[in-house]
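Quick look at run.txt (compact mmCIF, C-alpha atoms):
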# COMPACT_ATOMS: atom_id res chain seq x y z
CA MET A 1 218.76 104.31 2.17
CA THR A 2 215.96 103.09 4.36
CA ALA A 3 216.80 99.62 5.57
CA ALA A 4 213.79 97.60 6.53
CA LEU A 5 215.03 94.06 7.13
CA LEU A 6 217.57 92.68 9.54
CA VAL A 7 218.91 89.47 7.98
CA CYS A 8 219.83 87.14 10.85
CA GLY A 9 220.95 83.96 9.15
CA VAL A 10 220.56 81.43 6.38
CA VAL A 11 218.93 77.98 6.59
CA ARG A 12 217.82 75.34 4.10
CA ALA A 13 214.52 75.96 2.32
CA GLY A 14 213.04 72.90 4.05
CA HIS A 15 213.83 74.26 7.53
CA PRO A 16 210.83 74.22 9.89
CA VAL A 17 209.20 77.64 10.09
CA PRO A 18 210.18 79.34 13.36
CA GLY A 19 207.40 79.33 15.91
CA ALA A 20 205.50 76.53 14.17
CA ALA A 21 206.75 73.94 16.65
CA SER A 22 205.45 74.30 20.20
CA ALA A 23 207.54 76.92 21.92
CA THR A 24 208.91 75.83 25.27
CA ASP A 25 209.07 79.19 26.99
CA ALA A 26 208.19 82.84 26.65
CA ALA A 27 211.65 83.87 25.44
CA THR A 28 211.48 81.45 22.52
CA ASP A 29 207.99 82.69 21.71
CA ASP A 30 209.18 86.24 21.61
CA ALA A 31 212.27 85.43 19.57
CA THR A 32 210.41 83.53 16.90
CA ALA A 33 207.28 85.65 16.73
CA SER A 34 208.87 88.41 14.71
CA VAL A 35 211.16 86.25 12.58
CA ARG A 36 210.12 84.94 9.19
CA LEU A 37 211.80 83.05 6.38
CA VAL A 38 212.38 84.49 2.91
CA TYR A 39 212.84 81.71 0.37
CA ALA A 40 215.10 81.54 -2.69
CA GLY A 41 215.81 78.18 -4.35
CA ALA A 42 217.32 75.69 -1.88
CA LEU A 43 217.78 78.39 0.75
CA ALA A 44 215.86 80.61 3.13
CA ALA A 45 216.97 83.67 5.07
CA ALA A 46 215.66 84.37 8.57
CA VAL A 47 214.71 88.05 8.64
CA ARG A 48 213.19 90.49 11.09
CA ASP A 49 211.56 93.83 10.36
CA LEU A 50 213.31 96.93 11.59
CA PRO A 51 211.48 100.21 11.94
CA ASP A 52 212.41 102.56 9.08
CA ASP A 53 215.69 104.39 9.57
CA ALA A 54 216.36 102.74 12.92
CA ALA A 55 219.91 101.59 13.55
CA PRO A 56 220.09 98.09 15.06
CA SER A 57 220.05 98.35 18.84
CA GLU A 58 221.21 96.14 21.69
CA ASP A 59 217.69 94.72 21.92
CA ASP A 60 217.91 93.83 18.24
CA ALA A 61 221.20 92.09 18.92
CA SER A 62 219.60 90.09 21.69
CA ARG A 63 216.65 89.10 19.50
CA TYR A 64 219.01 88.25 16.64
CA LEU A 65 220.79 85.75 18.88
CA ASP A 66 217.55 84.33 20.31
CA ALA A 67 216.08 83.91 16.84
CA LEU A 68 219.11 81.98 15.60
CA ILE A 69 219.12 79.78 18.71
CA ALA A 70 215.41 79.07 18.24
CA LEU A 71 216.06 77.94 14.66
CA LEU A 72 218.85 75.54 15.61
CA PRO A 73 216.78 72.47 16.57
CA GLY A 74 215.31 72.45 13.03
CA GLY A 75 218.62 71.94 11.22
CA PRO A 76 221.84 73.75 10.30
CA VAL A 77 221.84 77.52 10.77
CA LEU A 78 224.44 79.78 9.21
CA PRO A 79 224.56 83.02 11.19
CA LEU A 80 225.17 86.19 9.20
CA ARG A 81 227.06 89.04 10.80
CA PHE A 82 224.79 91.06 13.07
CA ALA A 83 223.55 94.27 11.45
CA THR A 84 223.32 92.76 7.98
CA LEU A 85 220.54 94.88 6.55
CA ALA A 86 218.50 94.61 3.36
CA PRO A 87 215.98 97.13 1.99
CA ASP A 88 213.34 94.52 1.12
CA GLU A 89 212.65 90.81 0.51
CA ASP A 90 213.54 91.05 -3.18
CA ALA A 91 217.02 92.17 -2.24
CA VAL A 92 217.33 89.24 0.18
CA ARG A 93 216.29 86.78 -2.54
CA GLU A 94 218.64 88.33 -5.05
CA LEU A 95 221.55 88.04 -2.67
CA LEU A 96 220.73 84.46 -1.61
CA ASP A 97 220.67 83.52 -5.31
CA GLY A 98 224.02 85.19 -5.82
CA ALA A 99 225.77 83.17 -3.12
CA ASP A 100 223.66 80.02 -3.55
CA ASP A 101 226.37 77.35 -4.01
CA GLU A 102 228.60 78.61 -1.26
CA LEU A 103 225.79 78.91 1.28
CA VAL A 104 224.39 75.44 0.54
CA HIS A 105 227.85 74.04 0.87
CA ARG A 106 228.48 75.74 4.20
CA LEU A 107 225.12 74.62 5.58
CA ASP A 108 225.90 71.03 4.59
CA ALA A 109 229.20 71.26 6.43
CA LEU A 110 227.41 72.41 9.62
CA ASP A 111 224.67 69.80 9.50
CA GLY A 112 224.34 68.02 12.84
CA LEU A 113 226.90 70.27 14.50
CA VAL A 114 226.39 72.86 17.24
CA GLU A 115 228.65 75.30 19.02
CA VAL A 116 229.12 75.42 22.77
CA ARG A 117 231.08 78.09 24.60
CA LEU A 118 233.12 77.88 27.72
CA GLN A 119 234.37 80.82 29.72
CA ILE A 120 236.60 80.22 32.71
CA ASP A 121 237.39 83.12 35.03
CA GLY A 122 240.23 82.67 37.48
CA ASP A 123 239.85 84.46 40.80
CA LEU A 124 242.18 87.47 40.46
CA ASP A 125 243.45 87.50 44.05
CA ALA A 126 244.13 83.77 44.04
CA GLU A 127 245.97 84.03 40.71
CA LEU A 128 248.05 86.98 41.92
CA ARG A 129 248.92 85.21 45.14
CA ALA A 130 250.19 82.25 43.16
CA LEU A 131 252.29 84.62 41.05
CA VAL A 132 253.76 86.42 44.02
CA VAL A 133 254.62 83.17 45.76
CA ALA A 134 256.44 82.05 42.61
CA SER A 135 258.34 85.32 42.22
CA PRO A 136 258.42 87.46 45.39
CA ALA A 137 260.37 90.18 43.54
CA LEU A 138 257.17 91.00 41.72
CA ALA A 139 255.42 91.99 44.94
CA ARG A 140 258.41 94.03 46.20
CA ALA A 141 258.49 96.28 43.14
CA ARG A 142 256.87 99.66 43.80
CA PRO A 143 257.10 101.63 40.57
CA GLU A 144 255.79 105.16 41.05
CA PRO A 145 255.81 107.09 37.75
CA LEU A 146 252.65 106.18 35.89
CA ASP A 147 254.49 104.92 32.82
CA ASP A 148 256.52 102.49 34.96
CA ARG A 149 253.41 101.45 36.76
CA VAL A 150 251.64 100.66 33.51
CA ARG A 151 254.67 98.63 32.36
CA TYR A 152 254.72 96.79 35.69
CA GLY A 153 251.03 96.00 35.36
CA GLU A 154 251.74 94.80 31.84
CA GLN A 155 254.32 92.33 33.18
CA ILE A 156 251.84 91.02 35.72
CA SER A 157 249.29 90.69 32.99
CA ALA A 158 251.75 88.66 30.89
CA ARG A 159 252.46 86.30 33.82
CA LEU A 160 248.74 85.85 34.45
CA ALA A 161 248.29 85.07 30.77
CA GLU A 162 251.02 82.40 30.96
CA ARG A 163 249.13 80.70 33.80
CA ARG A 164 245.92 81.03 31.82
CA ASP A 165 247.54 79.42 28.78
CA GLU A 166 248.70 76.46 30.87
CA LEU A 167 245.14 76.03 32.07
CA ALA A 168 243.94 76.31 28.46
CA ASP A 169 246.17 73.40 27.50
CA GLN A 170 244.64 71.25 30.23
CA VAL A 171 241.11 72.21 29.25
CA LEU A 172 241.82 71.48 25.60
CA ALA A 173 243.34 68.12 26.39
CA ARG A 174 240.05 67.10 28.01
CA LEU A 175 237.50 68.65 25.68
CA GLN A 176 239.10 68.65 22.25
CA PRO A 177 238.72 64.87 21.81
CA LEU A 178 234.94 65.34 22.13
CA ALA A 179 234.77 68.12 19.53
CA VAL A 180 234.97 68.41 15.77
CA ALA A 181 236.75 71.76 15.97
CA HIS A 182 237.67 74.33 18.56
CA ALA A 183 238.49 78.03 18.62
CA ALA A 184 240.07 80.26 21.24
CA ILE A 185 238.18 83.52 21.62
CA ARG A 186 240.12 86.66 22.51
CA PRO A 187 239.68 87.09 26.25
CA GLU A 188 239.05 90.45 27.88
CA ALA A 189 241.26 89.81 30.89
CA ALA A 190 244.44 87.87 31.56
CA THR A 191 242.61 85.68 34.08
CA GLU A 192 239.95 84.79 31.57
CA LEU A 193 239.80 81.86 29.18
CA LYS A 194 237.24 81.63 26.39
CA HIS A 195 236.81 78.67 24.09
CA ALA A 196 234.23 77.72 21.51
CA TYR A 197 233.80 74.07 20.53
CA LEU A 198 231.99 72.71 17.55
CA ILE A 199 230.48 69.40 18.53
CA ARG A 200 228.04 66.88 17.13
CA ALA A 201 224.61 67.54 18.61
CA GLU A 202 224.44 64.00 19.96
CA ALA A 203 227.77 64.49 21.78
CA LEU A 204 226.23 67.21 23.97
CA PRO A 205 225.51 64.95 26.99
CA ALA A 206 229.10 63.67 26.93
CA PHE A 207 230.38 67.23 26.66
CA ASP A 208 228.14 68.26 29.59
CA ARG A 209 229.72 65.53 31.69
CA ALA A 210 233.24 66.54 30.70
CA VAL A 211 232.55 70.17 31.63
CA GLN A 212 231.06 69.07 34.94
CA ALA A 213 234.17 67.00 35.67
CA LEU A 214 236.30 70.03 34.82
CA ARG A 215 234.20 72.16 37.16
CA ASP A 216 234.66 69.64 39.96
CA ASP A 217 238.41 69.43 39.44
CA LEU A 218 239.07 73.16 39.13
CA GLY A 219 237.09 73.97 42.26
CA GLU A 220 235.87 77.32 43.48
CA ARG A 221 238.88 79.34 42.37
CA TYR A 222 237.53 79.24 38.84
CA ALA A 223 234.08 80.36 37.74
CA ILE A 224 232.91 78.49 34.66
CA GLU A 225 230.23 79.75 32.30
CA TYR A 226 229.09 77.10 29.89
CA ALA A 227 226.57 77.99 27.18
CA GLY A 228 224.93 76.33 24.22
CA PRO A 229 223.92 74.80 21.96
CA LEU A 230 224.43 77.80 19.68
CA PRO A 231 224.67 78.26 15.92
CA ALA A 232 228.29 77.95 14.78
CA PHE A 233 229.31 81.59 15.14
CA GLU A 234 233.00 80.76 15.35
CA PHE A 235 232.91 78.14 12.64
CA THR A 236 231.15 79.65 9.64
CA ASP A 237 234.36 79.04 7.67
CA LEU A 238 234.44 75.39 8.66
CA VAL A 239 234.59 74.11 5.09
CA THR A 240 237.52 76.36 4.22
CA ASP A 241 239.27 75.44 7.46
CA LEU A 242 238.93 71.71 6.95
CA ALA A 243 239.94 71.76 3.28
CA PRO A 244 242.01 74.88 2.67
CA ASP A 245 243.51 73.66 -0.62
CA ALA A 246 240.42 72.13 -2.11
CA PRO A 247 238.43 74.04 -4.71
CA PRO A 248 234.75 74.48 -3.78
CA PRO A 249 233.66 70.83 -4.05
CA ALA A 250 230.35 69.52 -5.35
CA ARG A 251 227.64 69.14 -2.71
CA SER A 252 227.66 65.37 -2.89
CA ARG A 253 231.23 65.19 -1.60
CA TRP A 254 230.03 66.36 1.78
CA GLY A 255 227.49 63.75 2.73
CA TRP A 256 227.61 64.77 6.36
CA MET B 1 218.69 67.22 35.51
CA THR B 2 221.65 68.71 37.36
CA LEU B 3 224.09 68.72 34.45
CA VAL B 4 221.82 70.66 32.13
CA ALA B 5 221.21 73.26 34.82
CA HIS B 6 224.87 74.20 34.49
CA ARG B 7 224.59 74.90 30.79
CA HIS B 8 223.02 78.22 29.83
CA ALA B 9 221.00 78.66 26.66
CA ARG B 10 223.14 81.65 25.68
CA PRO B 11 226.38 83.26 26.77
CA SER B 12 226.10 86.28 29.07
CA GLY B 13 228.25 88.46 26.80
CA LEU B 14 226.80 89.42 23.43
CA ALA B 15 229.73 91.47 22.15
CA GLU B 16 231.94 88.63 20.98
CA ILE B 17 229.14 87.05 19.00
CA LEU B 18 228.19 90.25 17.23
CA ASP B 19 231.44 90.53 15.30
CA LYS B 20 231.16 86.89 14.20
CA GLY B 21 228.83 85.40 11.67
CA MET B 22 229.35 85.21 7.97
CA VAL B 23 229.64 88.27 5.77
CA ILE B 24 228.35 87.75 2.26
CA ASP B 25 230.32 90.00 -0.09
CA ALA B 26 227.22 91.13 -1.91
CA PHE B 27 225.69 92.25 1.38
CA VAL B 28 228.43 94.72 2.12
CA ARG B 29 226.93 97.55 0.12
CA LEU B 30 223.62 97.11 1.94
CA SER B 31 224.82 96.66 5.47
CA LEU B 32 226.31 98.42 8.45
CA VAL B 33 228.94 95.72 8.86
CA GLY B 34 232.17 97.11 10.25
CA ILE B 35 230.71 99.68 12.58
CA GLU B 36 229.99 97.19 15.37
CA VAL B 37 233.39 95.54 15.08
CA LEU B 38 235.04 98.92 15.24
CA THR B 39 233.34 99.81 18.51
CA ILE B 40 234.38 96.56 20.15
CA ASP B 41 238.07 96.88 19.15
CA ALA B 42 238.32 100.44 20.41
CA ARG B 43 236.88 99.45 23.77
CA ILE B 44 239.52 96.76 24.25
CA VAL B 45 242.44 99.12 23.51
CA VAL B 46 241.19 101.69 25.99
CA ALA B 47 240.58 99.03 28.62
CA SER B 48 244.13 97.66 28.59
CA VAL B 49 245.95 100.58 30.24
CA ASP B 50 243.30 100.66 32.92
CA THR B 51 243.62 96.90 33.40
CA TYR B 52 247.41 97.02 33.81
CA LEU B 53 247.02 99.63 36.53
CA ARG B 54 244.40 97.50 38.21
CA TYR B 55 246.75 94.49 38.26
CA ALA B 56 249.59 96.61 39.66
CA GLU B 57 247.24 97.87 42.35
CA ALA B 58 245.89 94.42 43.12
CA VAL B 59 249.33 92.88 43.70
CA HIS B 60 250.06 95.55 46.29
CA ARG B 61 246.63 95.26 47.83
CA LEU B 62 247.41 91.62 48.59
CA ASP B 63 249.77 93.04 51.20
CA LEU B 64 252.21 90.16 51.02
CA THR B 65 255.18 92.44 51.63
CA PRO B 66 255.37 94.67 54.71
CA ASP B 67 257.20 97.66 53.17
CA GLY B 68 255.11 100.74 52.45
CA PRO B 69 251.37 101.34 52.75
CA PRO B 70 249.26 100.23 49.78
CA ARG B 71 248.31 103.06 47.46
CA LYS B 72 244.67 103.93 47.17
CA LEU B 73 243.00 103.22 43.86
CA THR B 74 241.51 106.70 43.87
CA SER B 75 244.94 108.27 43.46
CA VAL B 76 245.49 106.28 40.29
CA VAL B 77 242.11 107.31 38.99
CA ARG B 78 242.90 110.95 39.77
CA GLN B 79 246.23 110.66 37.98
CA LEU B 80 244.44 109.33 34.92
CA ARG B 81 241.79 112.01 35.03
CA ASP B 82 244.17 114.88 35.61
CA GLY B 83 246.25 114.29 32.55
CA ASP B 84 248.33 111.25 31.95
CA SER B 85 250.00 111.73 28.61
CA ARG B 86 250.16 108.03 27.84
CA THR B 87 246.44 107.46 28.28
CA ARG B 88 245.66 110.58 26.29
CA ALA B 89 247.94 109.49 23.49
CA ALA B 90 246.35 106.06 23.49
CA LEU B 91 242.86 107.52 23.38
CA SER B 92 243.62 109.94 20.57
CA HIS B 93 245.25 107.11 18.64
CA VAL B 94 242.08 105.06 18.98
CA LYS B 95 240.08 108.02 17.74
CA GLU B 96 242.27 108.44 14.68
CA THR B 97 242.22 104.75 13.85
CA ALA B 98 238.45 104.68 14.22
CA SER B 99 237.87 107.62 11.92
CA ASP B 100 240.35 106.21 9.37
CA LEU B 101 238.47 102.94 9.36
CA ILE B 102 235.08 104.57 9.07
CA GLY B 103 236.47 106.58 6.16
CA SER B 104 237.76 103.50 4.39
CA VAL B 105 234.51 101.56 4.95
CA ARG B 106 232.63 104.53 3.53
CA ASP B 107 234.93 104.68 0.50
CA LYS B 108 234.46 100.98 -0.11
CA VAL B 109 230.68 101.22 0.12
CA THR B 110 230.64 104.20 -2.24
CA ARG B 111 232.88 102.36 -4.71
CA LYS B 112 230.68 99.27 -4.59
CA HIS B 113 227.61 101.40 -5.22
CA GLY B 114 229.37 102.91 -8.21
CA GLU B 115 230.20 99.47 -9.60
CA HIS B 116 226.68 98.24 -9.27
CA GLU B 117 224.86 101.19 -10.69
Written form, structure tokens:
Amino acid sequence: MTAALLVCGVVRAGHPVPGAASATDAATDDATASVRLVYAGALAAAVRDLPDDAAPSEDDASRYLDALIALLPGGPVLPLRFATLAPDEDAVRELLDGADDELVHRLDALDGLVEVRLQIDGDLDAELRALVVASPALARARPEPLDDRVRYGEQISARLAERRDELADQVLARLQPLAVAHAAIRPEAATELKHAYLIRAEALPAFDRAVQALRDDLGERYAIEYAGPLPAFEFTDLVTDLAPDAPPPARSRWGW
Amino acid sequence: MTLVAHRHARPSGLAEILDKGMVIDAFVRLSLVGIEVLTIDARIVVASVDTYLRYAEAVHRLDLTPDGPPRKLTSVVRQLRDGDSRTRAALSHVKETASDLIGSVRDKVTRKHGEHE
């Protein structure tokens, strides 16, 4: 099969065409230039052309994200999994038609909401020092066989994760009240904390202030990366999450 | 404005976003979904053994206890390279799991094609 279209996401049919509004910088220009909307009923899919037979590359991934971000100011954006490919526009329309009700419903649920992401990296040496002070036996252990050493490292990792989880509780206590939903993202290291928050777009300034306060209080031992607003990557199942027992409701039930 | 300067337009890591996003059932037969997720999971499994060793090394590097000189990281790396059975077992396990998964994704896609045509 020769795949020709990379389907980035789904928006409402009335969504402003990407690139039509004045672009604010070169990156936005580039992201929107190659993206177009394919319409079907109440919906539109944001698609990009891929050269024939080319597998999606890291550059494509980057453009996929930029394109979805660029669409966000125009209304709700439902991101589709990266590397969703379709052979042509007819196939895209056919598939939008097939999932029409569900997609409209999910877009309605995301209306006015954006995702922000927070990554907090604890300084490894500082974290380890705190551990060793708390349990000096940990620093005295000198396992030599590699298997023992791996197990020892695993214990340290578990202790670091406990500290990280305590920090996560504090962070949540501050930020969760400002958010509609939150998700913990699997971290890549035991000193790392990753959260995604779904917030109302108008709550962004308040969230900025809360993150800044967190930054001030945590100090230099923790590096904080704060990014957004993004399409709701972590919350595409929001409707299901909020009403797990409800059958797919009529659109009018979700006025927001 | 100072506050906005601290918020980036996009996260620095792409990987965790690429295995998110909605999957429409009907798209499955047309897409490469699954392959990207697979790559990311395998990377994390391989990284963990290495990470544990790094933590073990780092605690000793802190030099909070006087007994014994700290081991050099290079010796750990050499040990890994020259044949640690545990790492090898872990790696071959990842390989098997990956090829199993690819096989099952392929089966699914073939079946779906069959149903639709």
Give as a PDB file with C-alpha atoms, in the frame of the given file every residue of chain B that touches chain A within 6 Å, counting all atoms listed in the file.
ATOM      1  CA  ARG B   7     224.590  74.900  30.790  1.00  0.00           C
ATOM      2  CA  HIS B   8     223.020  78.220  29.830  1.00  0.00           C
ATOM      3  CA  ALA B   9     221.000  78.660  26.660  1.00  0.00           C
ATOM      4  CA  ARG B  10     223.140  81.650  25.680  1.00  0.00           C
ATOM      5  CA  PRO B  11     226.380  83.260  26.770  1.00  0.00           C
ATOM      6  CA  LEU B  18     228.190  90.250  17.230  1.00  0.00           C
ATOM      7  CA  LYS B  20     231.160  86.890  14.200  1.00  0.00           C
ATOM      8  CA  GLY B  21     228.830  85.400  11.670  1.00  0.00           C
ATOM      9  CA  MET B  22     229.350  85.210   7.970  1.00  0.00           C
ATOM     10  CA  VAL B  23     229.640  88.270   5.770  1.00  0.00           C
ATOM     11  CA  LEU B  30     223.620  97.110   1.940  1.00  0.00           C
ATOM     12  CA  SER B  31     224.820  96.660   5.470  1.00  0.00           C
ATOM     13  CA  LEU B  32     226.310  98.420   8.450  1.00  0.00           C
ATOM     14  CA  TYR B  52     247.410  97.020  33.810  1.00  0.00           C
ATOM     15  CA  LEU B  53     247.020  99.630  36.530  1.00  0.00           C
ATOM     16  CA  TYR B  55     246.750  94.490  38.260  1.00  0.00           C
ATOM     17  CA  ALA B  56     249.590  96.610  39.660  1.00  0.00           C
TER      18      ALA B  56
END
#### Entry: Atom pair CA of Glu220 in chain A / CA of Glu57 in chain B: separation (Å)
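Answer for the CA of Glu220 in chain A to CA of Glu57 in chain B separation: 23.5 Å.
Across the structure, CA of Ala109 in chain A and CA of Glu89 in chain A are spaced 26.3 Å apart.
When CA of Ala179 in chain A is paired with CA of Tyr197 in chain A, their separation reads 6.1 Å.
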### Message
Set the distance at 7 Å and use all atoms listed in the file: which residues neighbour Ala42 in chain A once local chain neighbours fewer than 2 positions away are removed? I'd like the list as an MDAnalysis selection string.
### Response
chainID A and resid 12:13 40
With C-alpha atoms retained, export the selected residues as a CSV table (one decimal), keeping the file's coordinate frame.
chain,number,residue,atom,x,y,z
A,12,ARG,CA,217.8,75.3,4.1
A,13,ALA,CA,214.5,76.0,2.3
A,40,ALA,CA,215.1,81.5,-2.7
Report as lines of an AutoDock Vina configuration file the centre and the edge lengths, in Å to one decimal, of the axis-aligned box holding every listed atom of range 104-108 of chain A, padded by 3 Å on each side.
center_x = 226.4
center_y = 73.4
center_z = 3.1
size_x = 10.1
size_y = 10.7
size_z = 11.0
### Task
Could you give me, as JSON, numbers by chain, the residues that have an atom at most 7 Å away from the point (209.9, 78.7, 9.1) in the coordinates of the file, using all atoms listed in the file?
{"A": [15, 16, 17, 18, 36, 37]}
### Task
Fewer than 5 positions away in the same chain doesn't count, so skip those; otherwise give me all residues within 12 Å of Ala173 in chain A, counting all atoms listed in the file, as number ranges by chain.
A: 166-168, 178-179, 182, 210, 214
